[in-house]
Amino acid sequence: MKILYFWKPLLWLAIICYLLFIPANDLPTGFFFRIPHFDKIVHFTLFFVFCLFMLRPLKRLNLNHYILAPLISITSSGILEIIQHLLSATRQSDIYDFFANSTGIISAALFFYLFVSGRKWEKLF
């Protein structure tokens with residue numbers, strides 16, 4: 001069952017959805033969360049990992065993983081930002097969140113190409 005190749009990105013997408021849609025008053029307020037634009041770092045990281053997890057299964061299926069993984073990730077990012085804007089009363093969508101997501105996605109593809117693909121630790125992804 002080739003769908004099992006995608007258990008990591010699907011689980012990570014569920015985590016992303018949870019974090020994007022929890023009410024704003026339920027978000028932590030610790031030291032790190034007071035750093036200016038810390039939310040952009042979080043967005044970058046969430047979608048960096050998501051794209052990284054998408055690359056390996058698509059490669060195993062002999063698909064053009066360097067095109068499909070970023071395309072699926074950026075599309076998912078855009079859709080989630082739109083849904084957040086439409087459904088959340090306490091959270092708002094932000095074009096800069098989308099830019100942070102996209103930057104994380106592109107960085108993940110570059111990271112995979114330079115440091116992961118073809119190496120023995122690729123199987124961890």
# chains A, B, ... in the order shown; residues from 1 in each chain; ligands from 1
>>> residues_around(residues="segment 111-121 of chain A", least_positions_apart="5", cutoff="10 Å", atoms="only C-alpha atoms", output="number ranges by chain")
A: 48, 51-53, 55-56, 59, 66, 105-106
>>> residues_around(residues="segment 35-40 of chain A", least_positions_apart="6", cutoff="9 Å", atoms="only C-alpha atoms", output="CSV table (one decimal) with N, CA and C atoms, in the first residue's frame")
chain,number,residue,atom,x,y,z
A,96,TYR,N,2.2,37.5,4.8
A,96,TYR,CA,3.5,37.3,5.3
A,96,TYR,C,3.7,35.9,5.9
A,97,ASP,N,2.6,35.3,6.4
A,97,ASP,CA,2.6,33.9,6.9
A,97,ASP,C,2.8,33.0,5.6
A,99,PHE,N,4.2,33.9,2.9
A,99,PHE,CA,5.6,34.0,2.4
A,99,PHE,C,6.6,33.2,3.3
A,100,ALA,N,6.3,33.2,4.6
A,100,ALA,CA,7.2,32.4,5.5
A,100,ALA,C,7.0,30.9,5.2
A,101,ASN,N,5.8,30.5,4.9
A,101,ASN,CA,5.5,29.1,4.5
A,101,ASN,C,6.3,28.7,3.3
>>> select_by_dssp(residues="chain A", states="alpha helix (DSSP H)", output="PDB file with N, CA and C atoms, in the first residue's frame")
ATOM      1  N   TRP A   7       2.559   8.557   5.502  1.00  0.00           N
ATOM      2  CA  TRP A   7       2.090   8.692   6.884  1.00  0.00           C
ATOM      3  C   TRP A   7       2.742   9.875   7.586  1.00  0.00           C
ATOM      4  N   LYS A   8       4.008  10.140   7.345  1.00  0.00           N
ATOM      5  CA  LYS A   8       4.669  11.264   8.013  1.00  0.00           C
ATOM      6  C   LYS A   8       4.116  12.619   7.551  1.00  0.00           C
ATOM      7  N   PRO A   9       4.022  12.868   6.230  1.00  0.00           N
ATOM      8  CA  PRO A   9       3.463  14.168   5.845  1.00  0.00           C
ATOM      9  C   PRO A   9       2.005  14.352   6.260  1.00  0.00           C
ATOM     10  N   LEU A  10       1.226  13.277   6.261  1.00  0.00           N
ATOM     11  CA  LEU A  10      -0.178  13.401   6.671  1.00  0.00           C
ATOM     12  C   LEU A  10      -0.304  13.694   8.160  1.00  0.00           C
ATOM     13  N   LEU A  11       0.506  13.016   8.959  1.00  0.00           N
ATOM     14  CA  LEU A  11       0.510  13.302  10.391  1.00  0.00           C
ATOM     15  C   LEU A  11       0.970  14.736  10.645  1.00  0.00           C
ATOM     16  N   TRP A  12       2.000  15.167   9.944  1.00  0.00           N
ATOM     17  CA  TRP A  12       2.506  16.529  10.120  1.00  0.00           C
ATOM     18  C   TRP A  12       1.465  17.560   9.668  1.00  0.00           C
ATOM     19  N   LEU A  13       0.734  17.260   8.601  1.00  0.00           N
ATOM     20  CA  LEU A  13      -0.319  18.164   8.141  1.00  0.00           C
ATOM     21  C   LEU A  13      -1.417  18.292   9.194  1.00  0.00           C
ATOM     22  N   ALA A  14      -1.735  17.214   9.873  1.00  0.00           N
ATOM     23  CA  ALA A  14      -2.729  17.270  10.953  1.00  0.00           C
ATOM     24  C   ALA A  14      -2.227  18.169  12.084  1.00  0.00           C
ATOM     25  N   ILE A  15      -0.952  18.080  12.401  1.00  0.00           N
ATOM     26  CA  ILE A  15      -0.369  18.953  13.431  1.00  0.00           C
ATOM     27  C   ILE A  15      -0.428  20.407  12.989  1.00  0.00           C
ATOM     28  N   ILE A  16      -0.099  20.663  11.726  1.00  0.00           N
ATOM     29  CA  ILE A  16      -0.171  22.030  11.191  1.00  0.00           C
ATOM     30  C   ILE A  16      -1.594  22.562  11.316  1.00  0.00           C
ATOM     31  N   CYS A  17      -2.580  21.768  10.914  1.00  0.00           N
ATOM     32  CA  CYS A  17      -3.982  22.213  10.985  1.00  0.00           C
ATOM     33  C   CYS A  17      -4.371  22.539  12.422  1.00  0.00           C
ATOM     34  N   TYR A  18      -3.986  21.687  13.339  1.00  0.00           N
ATOM     35  CA  TYR A  18      -4.293  21.958  14.743  1.00  0.00           C
ATOM     36  C   TYR A  18      -3.688  23.293  15.175  1.00  0.00           C
ATOM     37  N   LEU A  19      -2.409  23.499  14.868  1.00  0.00           N
ATOM     38  CA  LEU A  19      -1.729  24.719  15.307  1.00  0.00           C
ATOM     39  C   LEU A  19      -2.268  25.972  14.620  1.00  0.00           C
ATOM     40  N   LEU A  20      -2.697  25.855  13.381  1.00  0.00           N
ATOM     41  CA  LEU A  20      -3.225  27.022  12.672  1.00  0.00           C
ATOM     42  C   LEU A  20      -4.639  27.394  13.105  1.00  0.00           C
ATOM     43  N   PHE A  21      -5.370  26.433  13.654  1.00  0.00           N
ATOM     44  CA  PHE A  21      -6.774  26.699  13.960  1.00  0.00           C
ATOM     45  C   PHE A  21      -7.118  26.740  15.442  1.00  0.00           C
ATOM     46  N   PHE A  38       7.951  36.003  15.737  1.00  0.00           N
ATOM     47  CA  PHE A  38       8.222  34.602  16.070  1.00  0.00           C
ATOM     48  C   PHE A  38       7.268  33.674  15.312  1.00  0.00           C
ATOM     49  N   ASP A  39       6.057  34.146  15.065  1.00  0.00           N
ATOM     50  CA  ASP A  39       5.092  33.321  14.345  1.00  0.00           C
ATOM     51  C   ASP A  39       5.572  32.999  12.935  1.00  0.00           C
ATOM     52  N   LYS A  40       6.359  33.885  12.339  1.00  0.00           N
ATOM     53  CA  LYS A  40       6.889  33.619  10.992  1.00  0.00           C
ATOM     54  C   LYS A  40       7.917  32.492  11.040  1.00  0.00           C
ATOM     55  N   ILE A  41       8.692  32.426  12.113  1.00  0.00           N
ATOM     56  CA  ILE A  41       9.651  31.333  12.294  1.00  0.00           C
ATOM     57  C   ILE A  41       8.893  30.019  12.430  1.00  0.00           C
ATOM     58  N   VAL A  42       7.792  30.049  13.157  1.00  0.00           N
ATOM     59  CA  VAL A  42       6.968  28.849  13.329  1.00  0.00           C
ATOM     60  C   VAL A  42       6.396  28.413  11.983  1.00  0.00           C
ATOM     61  N   HIS A  43       5.858  29.358  11.208  1.00  0.00           N
ATOM     62  CA  HIS A  43       5.302  29.029   9.894  1.00  0.00           C
ATOM     63  C   HIS A  43       6.387  28.436   8.986  1.00  0.00           C
ATOM     64  N   PHE A  44       7.559  29.064   8.953  1.00  0.00           N
ATOM     65  CA  PHE A  44       8.684  28.565   8.165  1.00  0.00           C
ATOM     66  C   PHE A  44       8.984  27.120   8.535  1.00  0.00           C
ATOM     67  N   THR A  45       9.101  26.857   9.824  1.00  0.00           N
ATOM     68  CA  THR A  45       9.477  25.528  10.314  1.00  0.00           C
ATOM     69  C   THR A  45       8.406  24.486  10.013  1.00  0.00           C
ATOM     70  N   LEU A  46       7.149  24.831  10.249  1.00  0.00           N
ATOM     71  CA  LEU A  46       6.063  23.879  10.000  1.00  0.00           C
ATOM     72  C   LEU A  46       6.059  23.411   8.548  1.00  0.00           C
ATOM     73  N   PHE A  47       6.193  24.343   7.620  1.00  0.00           N
ATOM     74  CA  PHE A  47       6.114  23.970   6.207  1.00  0.00           C
ATOM     75  C   PHE A  47       7.438  23.465   5.656  1.00  0.00           C
ATOM     76  N   PHE A  48       8.553  23.809   6.279  1.00  0.00           N
ATOM     77  CA  PHE A  48       9.846  23.214   5.947  1.00  0.00           C
ATOM     78  C   PHE A  48       9.760  21.708   6.194  1.00  0.00           C
ATOM     79  N   VAL A  49       9.294  21.333   7.372  1.00  0.00           N
ATOM     80  CA  VAL A  49       9.192  19.916   7.741  1.00  0.00           C
ATOM     81  C   VAL A  49       8.161  19.207   6.865  1.00  0.00           C
ATOM     82  N   PHE A  50       7.036  19.858   6.596  1.00  0.00           N
ATOM     83  CA  PHE A  50       6.000  19.242   5.761  1.00  0.00           C
ATOM     84  C   PHE A  50       6.551  18.905   4.375  1.00  0.00           C
ATOM     85  N   CYS A  51       7.222  19.851   3.746  1.00  0.00           N
ATOM     86  CA  CYS A  51       7.777  19.604   2.417  1.00  0.00           C
ATOM     87  C   CYS A  51       8.869  18.544   2.474  1.00  0.00           C
ATOM     88  N   LEU A  52       9.693  18.595   3.495  1.00  0.00           N
ATOM     89  CA  LEU A  52      10.744  17.592   3.672  1.00  0.00           C
ATOM     90  C   LEU A  52      10.140  16.190   3.760  1.00  0.00           C
ATOM     91  N   PHE A  53       9.053  16.061   4.499  1.00  0.00           N
ATOM     92  CA  PHE A  53       8.379  14.771   4.612  1.00  0.00           C
ATOM     93  C   PHE A  53       7.672  14.348   3.315  1.00  0.00           C
ATOM     94  N   MET A  54       7.319  15.301   2.460  1.00  0.00           N
ATOM     95  CA  MET A  54       6.676  14.987   1.180  1.00  0.00           C
ATOM     96  C   MET A  54       7.679  14.510   0.138  1.00  0.00           C
ATOM     97  N   LEU A  55       8.912  14.974   0.218  1.00  0.00           N
ATOM     98  CA  LEU A  55       9.890  14.687  -0.826  1.00  0.00           C
ATOM     99  C   LEU A  55      10.225  13.200  -0.933  1.00  0.00           C
ATOM    100  N   ARG A  56      10.482  12.563   0.165  1.00  0.00           N
ATOM    101  CA  ARG A  56      10.914  11.153   0.147  1.00  0.00           C
ATOM    102  C   ARG A  56       9.855  10.220  -0.433  1.00  0.00           C
ATOM    103  N   PRO A  57       8.592  10.265   0.003  1.00  0.00           N
ATOM    104  CA  PRO A  57       7.598   9.350  -0.585  1.00  0.00           C
ATOM    105  C   PRO A  57       7.402   9.574  -2.091  1.00  0.00           C
ATOM    106  N   LEU A  58       7.426  10.831  -2.505  1.00  0.00           N
ATOM    107  CA  LEU A  58       7.264  11.112  -3.932  1.00  0.00           C
ATOM    108  C   LEU A  58       8.462  10.591  -4.723  1.00  0.00           C
ATOM    109  N   LYS A  59       9.640  10.689  -4.151  1.00  0.00           N
ATOM    110  CA  LYS A  59      10.836  10.143  -4.798  1.00  0.00           C
ATOM    111  C   LYS A  59      10.737   8.615  -4.895  1.00  0.00           C
ATOM    112  N   ARG A  60      10.272   7.966  -3.836  1.00  0.00           N
ATOM    113  CA  ARG A  60      10.119   6.507  -3.838  1.00  0.00           C
ATOM    114  C   ARG A  60       9.135   6.042  -4.900  1.00  0.00           C
ATOM    115  N   HIS A  65       9.709  14.613  -7.697  1.00  0.00           N
ATOM    116  CA  HIS A  65       9.538  15.069  -6.315  1.00  0.00           C
ATOM    117  C   HIS A  65       9.981  16.504  -6.088  1.00  0.00           C
ATOM    118  N   TYR A  66      10.946  17.006  -6.855  1.00  0.00           N
ATOM    119  CA  TYR A  66      11.394  18.386  -6.662  1.00  0.00           C
ATOM    120  C   TYR A  66      10.388  19.406  -7.192  1.00  0.00           C
ATOM    121  N   ILE A  67       9.455  18.959  -7.990  1.00  0.00           N
ATOM    122  CA  ILE A  67       8.369  19.839  -8.454  1.00  0.00           C
ATOM    123  C   ILE A  67       7.103  19.586  -7.628  1.00  0.00           C
ATOM    124  N   LEU A  68       6.735  18.312  -7.489  1.00  0.00           N
ATOM    125  CA  LEU A  68       5.466  17.976  -6.835  1.00  0.00           C
ATOM    126  C   LEU A  68       5.432  18.308  -5.348  1.00  0.00           C
ATOM    127  N   ALA A  69       6.480  17.998  -4.610  1.00  0.00           N
ATOM    128  CA  ALA A  69       6.460  18.255  -3.157  1.00  0.00           C
ATOM    129  C   ALA A  69       6.300  19.747  -2.850  1.00  0.00           C
ATOM    130  N   PRO A  70       7.115  20.638  -3.478  1.00  0.00           N
ATOM    131  CA  PRO A  70       6.883  22.069  -3.219  1.00  0.00           C
ATOM    132  C   PRO A  70       5.514  22.546  -3.712  1.00  0.00           C
ATOM    133  N   LEU A  71       5.065  22.027  -4.853  1.00  0.00           N
ATOM    134  CA  LEU A  71       3.767  22.441  -5.388  1.00  0.00           C
ATOM    135  C   LEU A  71       2.626  22.035  -4.457  1.00  0.00           C
ATOM    136  N   ILE A  72       2.652  20.796  -3.976  1.00  0.00           N
ATOM    137  CA  ILE A  72       1.632  20.325  -3.033  1.00  0.00           C
ATOM    138  C   ILE A  72       1.708  21.120  -1.729  1.00  0.00           C
ATOM    139  N   SER A  73       2.924  21.376  -1.267  1.00  0.00           N
ATOM    140  CA  SER A  73       3.110  22.102  -0.003  1.00  0.00           C
ATOM    141  C   SER A  73       2.649  23.549  -0.099  1.00  0.00           C
ATOM    142  N   ILE A  74       3.005  24.234  -1.178  1.00  0.00           N
ATOM    143  CA  ILE A  74       2.595  25.635  -1.346  1.00  0.00           C
ATOM    144  C   ILE A  74       1.080  25.725  -1.524  1.00  0.00           C
ATOM    145  N   THR A  75       0.510  24.793  -2.283  1.00  0.00           N
ATOM    146  CA  THR A  75      -0.949  24.777  -2.458  1.00  0.00           C
ATOM    147  C   THR A  75      -1.643  24.544  -1.120  1.00  0.00           C
ATOM    148  N   SER A  76      -1.151  23.583  -0.353  1.00  0.00           N
ATOM    149  CA  SER A  76      -1.725  23.322   0.971  1.00  0.00           C
ATOM    150  C   SER A  76      -1.615  24.540   1.873  1.00  0.00           C
ATOM    151  N   SER A  77      -0.469  25.194   1.818  1.00  0.00           N
ATOM    152  CA  SER A  77      -0.246  26.395   2.620  1.00  0.00           C
ATOM    153  C   SER A  77      -1.253  27.489   2.269  1.00  0.00           C
ATOM    154  N   GLY A  78      -1.430  27.718   0.987  1.00  0.00           N
ATOM    155  CA  GLY A  78      -2.376  28.746   0.548  1.00  0.00           C
ATOM    156  C   GLY A  78      -3.799  28.429   0.943  1.00  0.00           C
ATOM    157  N   ILE A  79      -4.199  27.172   0.752  1.00  0.00           N
ATOM    158  CA  ILE A  79      -5.554  26.756   1.111  1.00  0.00           C
ATOM    159  C   ILE A  79      -5.783  26.911   2.616  1.00  0.00           C
ATOM    160  N   LEU A  80      -4.800  26.497   3.421  1.00  0.00           N
ATOM    161  CA  LEU A  80      -4.950  26.615   4.877  1.00  0.00           C
ATOM    162  C   LEU A  80      -5.024  28.070   5.328  1.00  0.00           C
ATOM    163  N   GLU A  81      -4.263  28.954   4.697  1.00  0.00           N
ATOM    164  CA  GLU A  81      -4.334  30.375   5.044  1.00  0.00           C
ATOM    165  C   GLU A  81      -5.702  30.951   4.693  1.00  0.00           C
ATOM    166  N   ILE A  82      -6.251  30.556   3.557  1.00  0.00           N
ATOM    167  CA  ILE A  82      -7.582  31.030   3.151  1.00  0.00           C
ATOM    168  C   ILE A  82      -8.648  30.502   4.121  1.00  0.00           C
ATOM    169  N   ILE A  83      -8.571  29.217   4.460  1.00  0.00           N
ATOM    170  CA  ILE A  83      -9.537  28.636   5.400  1.00  0.00           C
ATOM    171  C   ILE A  83      -9.427  29.315   6.763  1.00  0.00           C
ATOM    172  N   GLN A  84      -8.198  29.584   7.192  1.00  0.00           N
ATOM    173  CA  GLN A  84      -8.005  30.267   8.476  1.00  0.00           C
ATOM    174  C   GLN A  84      -8.679  31.647   8.442  1.00  0.00           C
ATOM    175  N   HIS A  85      -8.542  32.336   7.328  1.00  0.00           N
ATOM    176  CA  HIS A  85      -9.163  33.654   7.183  1.00  0.00           C
ATOM    177  C   HIS A  85     -10.689  33.554   7.229  1.00  0.00           C
ATOM    178  N   LEU A  86     -11.234  32.529   6.598  1.00  0.00           N
ATOM    179  CA  LEU A  86     -12.687  32.399   6.498  1.00  0.00           C
ATOM    180  C   LEU A  86     -13.338  31.846   7.769  1.00  0.00           C
ATOM    181  N   LEU A  87     -12.662  30.951   8.469  1.00  0.00           N
ATOM    182  CA  LEU A  87     -13.312  30.237   9.563  1.00  0.00           C
ATOM    183  C   LEU A  87     -12.930  30.688  10.968  1.00  0.00           C
ATOM    184  N   ILE A  95      -0.547  37.545   4.532  1.00  0.00           N
ATOM    185  CA  ILE A  95       0.259  37.234   3.354  1.00  0.00           C
ATOM    186  C   ILE A  95       1.697  36.929   3.754  1.00  0.00           C
ATOM    187  N   TYR A  96       2.172  37.546   4.835  1.00  0.00           N
ATOM    188  CA  TYR A  96       3.538  37.282   5.301  1.00  0.00           C
ATOM    189  C   TYR A  96       3.660  35.877   5.904  1.00  0.00           C
ATOM    190  N   ASP A  97       2.572  35.348   6.440  1.00  0.00           N
ATOM    191  CA  ASP A  97       2.570  33.942   6.862  1.00  0.00           C
ATOM    192  C   ASP A  97       2.771  33.043   5.644  1.00  0.00           C
ATOM    193  N   PHE A  98       2.067  33.364   4.572  1.00  0.00           N
ATOM    194  CA  PHE A  98       2.204  32.586   3.339  1.00  0.00           C
ATOM    195  C   PHE A  98       3.626  32.691   2.790  1.00  0.00           C
ATOM    196  N   PHE A  99       4.223  33.872   2.850  1.00  0.00           N
ATOM    197  CA  PHE A  99       5.617  34.032   2.396  1.00  0.00           C
ATOM    198  C   PHE A  99       6.566  33.210   3.271  1.00  0.00           C
ATOM    199  N   ALA A 100       6.339  33.195   4.566  1.00  0.00           N
ATOM    200  CA  ALA A 100       7.172  32.389   5.467  1.00  0.00           C
ATOM    201  C   ALA A 100       6.995  30.902   5.159  1.00  0.00           C
ATOM    202  N   ASN A 101       5.760  30.482   4.917  1.00  0.00           N
ATOM    203  CA  ASN A 101       5.493  29.094   4.542  1.00  0.00           C
ATOM    204  C   ASN A 101       6.252  28.737   3.263  1.00  0.00           C
ATOM    205  N   SER A 102       6.134  29.596   2.261  1.00  0.00           N
ATOM    206  CA  SER A 102       6.769  29.343   0.958  1.00  0.00           C
ATOM    207  C   SER A 102       8.285  29.313   1.065  1.00  0.00           C
ATOM    208  N   THR A 103       8.839  30.189   1.872  1.00  0.00           N
ATOM    209  CA  THR A 103      10.284  30.207   2.071  1.00  0.00           C
ATOM    210  C   THR A 103      10.741  28.913   2.739  1.00  0.00           C
ATOM    211  N   GLY A 104       9.997  28.438   3.711  1.00  0.00           N
ATOM    212  CA  GLY A 104      10.310  27.166   4.347  1.00  0.00           C
ATOM    213  C   GLY A 104      10.235  26.006   3.365  1.00  0.00           C
ATOM    214  N   ILE A 105       9.267  26.037   2.482  1.00  0.00           N
ATOM    215  CA  ILE A 105       9.081  24.973   1.489  1.00  0.00           C
ATOM    216  C   ILE A 105      10.244  24.939   0.503  1.00  0.00           C
ATOM    217  N   ILE A 106      10.601  26.093  -0.022  1.00  0.00           N
ATOM    218  CA  ILE A 106      11.716  26.167  -0.972  1.00  0.00           C
ATOM    219  C   ILE A 106      13.023  25.766  -0.286  1.00  0.00           C
ATOM    220  N   SER A 107      13.196  26.191   0.951  1.00  0.00           N
ATOM    221  CA  SER A 107      14.398  25.821   1.710  1.00  0.00           C
ATOM    222  C   SER A 107      14.461  24.309   1.936  1.00  0.00           C
ATOM    223  N   ALA A 108      13.320  23.682   2.180  1.00  0.00           N
ATOM    224  CA  ALA A 108      13.283  22.234   2.391  1.00  0.00           C
ATOM    225  C   ALA A 108      13.699  21.488   1.126  1.00  0.00           C
ATOM    226  N   ALA A 109      13.205  21.925  -0.021  1.00  0.00           N
ATOM    227  CA  ALA A 109      13.578  21.269  -1.280  1.00  0.00           C
ATOM    228  C   ALA A 109      15.082  21.410  -1.531  1.00  0.00           C
ATOM    229  N   LEU A 110      15.614  22.584  -1.275  1.00  0.00           N
ATOM    230  CA  LEU A 110      17.046  22.818  -1.447  1.00  0.00           C
ATOM    231  C   LEU A 110      17.856  21.988  -0.449  1.00  0.00           C
ATOM    232  N   PHE A 111      17.407  21.948   0.789  1.00  0.00           N
ATOM    233  CA  PHE A 111      18.074  21.151   1.832  1.00  0.00           C
ATOM    234  C   PHE A 111      18.079  19.669   1.454  1.00  0.00           C
TER     235      PHE A 111
END
>>> atom_distance(atom1="atom CA of Phe33 of chain A", atom2="atom CA of Phe125 of chain A")
28.6 Å
>>> decode(residues="segment 3-94 of chain A", atoms="C-alpha atoms", output="JSON list (two decimals), in the first residue's frame")
[["chain", "number", "residue", "atom", "x", "y", "z"],
["A", 3, "ILE", "CA", -0.43, 5.39, 0.72],
["A", 4, "LEU", "CA", 1.58, 4.30, 3.76],
["A", 5, "TYR", "CA", 4.57, 6.14, 2.28],
["A", 6, "PHE", "CA", 2.73, 9.33, 3.18],
["A", 7, "TRP", "CA", 2.09, 8.69, 6.88],
["A", 8, "LYS", "CA", 4.67, 11.26, 8.01],
["A", 9, "PRO", "CA", 3.46, 14.17, 5.85],
["A", 10, "LEU", "CA", -0.18, 13.40, 6.67],
["A", 11, "LEU", "CA", 0.51, 13.30, 10.39],
["A", 12, "TRP", "CA", 2.51, 16.53, 10.12],
["A", 13, "LEU", "CA", -0.32, 18.16, 8.14],
["A", 14, "ALA", "CA", -2.73, 17.27, 10.95],
["A", 15, "ILE", "CA", -0.37, 18.95, 13.43],
["A", 16, "ILE", "CA", -0.17, 22.03, 11.19],
["A", 17, "CYS", "CA", -3.98, 22.21, 10.99],
["A", 18, "TYR", "CA", -4.29, 21.96, 14.74],
["A", 19, "LEU", "CA", -1.73, 24.72, 15.31],
["A", 20, "LEU", "CA", -3.23, 27.02, 12.67],
["A", 21, "PHE", "CA", -6.77, 26.70, 13.96],
["A", 22, "ILE", "CA", -6.46, 26.72, 17.75],
["A", 23, "PRO", "CA", -8.04, 29.87, 19.19],
["A", 24, "ALA", "CA", -5.63, 32.77, 19.69],
["A", 25, "ASN", "CA", -6.32, 32.93, 23.44],
["A", 26, "ASP", "CA", -5.14, 29.28, 23.72],
["A", 27, "LEU", "CA", -1.73, 30.06, 22.24],
["A", 28, "PRO", "CA", 1.24, 30.00, 24.63],
["A", 29, "THR", "CA", 2.54, 33.34, 25.90],
["A", 30, "GLY", "CA", 6.06, 32.41, 27.04],
["A", 31, "PHE", "CA", 9.30, 34.22, 26.33],
["A", 32, "PHE", "CA", 9.76, 32.92, 22.79],
["A", 33, "PHE", "CA", 6.28, 33.97, 21.79],
["A", 34, "ARG", "CA", 7.11, 37.59, 22.61],
["A", 35, "ILE", "CA", 9.97, 37.65, 20.09],
["A", 36, "PRO", "CA", 8.94, 39.93, 17.20],
["A", 37, "HIS", "CA", 7.69, 37.89, 14.24],
["A", 38, "PHE", "CA", 8.22, 34.60, 16.07],
["A", 39, "ASP", "CA", 5.09, 33.32, 14.34],
["A", 40, "LYS", "CA", 6.89, 33.62, 10.99],
["A", 41, "ILE", "CA", 9.65, 31.33, 12.29],
["A", 42, "VAL", "CA", 6.97, 28.85, 13.33],
["A", 43, "HIS", "CA", 5.30, 29.03, 9.89],
["A", 44, "PHE", "CA", 8.68, 28.56, 8.16],
["A", 45, "THR", "CA", 9.48, 25.53, 10.31],
["A", 46, "LEU", "CA", 6.06, 23.88, 10.00],
["A", 47, "PHE", "CA", 6.11, 23.97, 6.21],
["A", 48, "PHE", "CA", 9.85, 23.21, 5.95],
["A", 49, "VAL", "CA", 9.19, 19.92, 7.74],
["A", 50, "PHE", "CA", 6.00, 19.24, 5.76],
["A", 51, "CYS", "CA", 7.78, 19.60, 2.42],
["A", 52, "LEU", "CA", 10.74, 17.59, 3.67],
["A", 53, "PHE", "CA", 8.38, 14.77, 4.61],
["A", 54, "MET", "CA", 6.68, 14.99, 1.18],
["A", 55, "LEU", "CA", 9.89, 14.69, -0.83],
["A", 56, "ARG", "CA", 10.91, 11.15, 0.15],
["A", 57, "PRO", "CA", 7.60, 9.35, -0.58],
["A", 58, "LEU", "CA", 7.26, 11.11, -3.93],
["A", 59, "LYS", "CA", 10.84, 10.14, -4.80],
["A", 60, "ARG", "CA", 10.12, 6.51, -3.84],
["A", 61, "LEU", "CA", 7.19, 6.56, -6.28],
["A", 62, "ASN", "CA", 9.53, 7.77, -9.05],
["A", 63, "LEU", "CA", 7.61, 11.02, -9.43],
["A", 64, "ASN", "CA", 9.16, 14.43, -10.04],
["A", 65, "HIS", "CA", 9.54, 15.07, -6.32],
["A", 66, "TYR", "CA", 11.39, 18.39, -6.66],
["A", 67, "ILE", "CA", 8.37, 19.84, -8.45],
["A", 68, "LEU", "CA", 5.47, 17.98, -6.83],
["A", 69, "ALA", "CA", 6.46, 18.26, -3.16],
["A", 70, "PRO", "CA", 6.88, 22.07, -3.22],
["A", 71, "LEU", "CA", 3.77, 22.44, -5.39],
["A", 72, "ILE", "CA", 1.63, 20.32, -3.03],
["A", 73, "SER", "CA", 3.11, 22.10, 0.00],
["A", 74, "ILE", "CA", 2.59, 25.64, -1.35],
["A", 75, "THR", "CA", -0.95, 24.78, -2.46],
["A", 76, "SER", "CA", -1.73, 23.32, 0.97],
["A", 77, "SER", "CA", -0.25, 26.40, 2.62],
["A", 78, "GLY", "CA", -2.38, 28.75, 0.55],
["A", 79, "ILE", "CA", -5.55, 26.76, 1.11],
["A", 80, "LEU", "CA", -4.95, 26.62, 4.88],
["A", 81, "GLU", "CA", -4.33, 30.37, 5.04],
["A", 82, "ILE", "CA", -7.58, 31.03, 3.15],
["A", 83, "ILE", "CA", -9.54, 28.64, 5.40],
["A", 84, "GLN", "CA", -8.01, 30.27, 8.48],
["A", 85, "HIS", "CA", -9.16, 33.65, 7.18],
["A", 86, "LEU", "CA", -12.69, 32.40, 6.50],
["A", 87, "LEU", "CA", -13.31, 30.24, 9.56],
["A", 88, "SER", "CA", -11.30, 31.56, 12.48],
["A", 89, "ALA", "CA", -12.83, 34.29, 14.60],
["A", 90, "THR", "CA", -9.71, 34.80, 16.73],
["A", 91, "ARG", "CA", -6.93, 34.20, 14.17],
["A", 92, "GLN", "CA", -6.27, 36.06, 10.98],
["A", 93, "SER", "CA", -4.68, 35.17, 7.70],
["A", 94, "ASP", "CA", -1.57, 37.06, 6.69]]
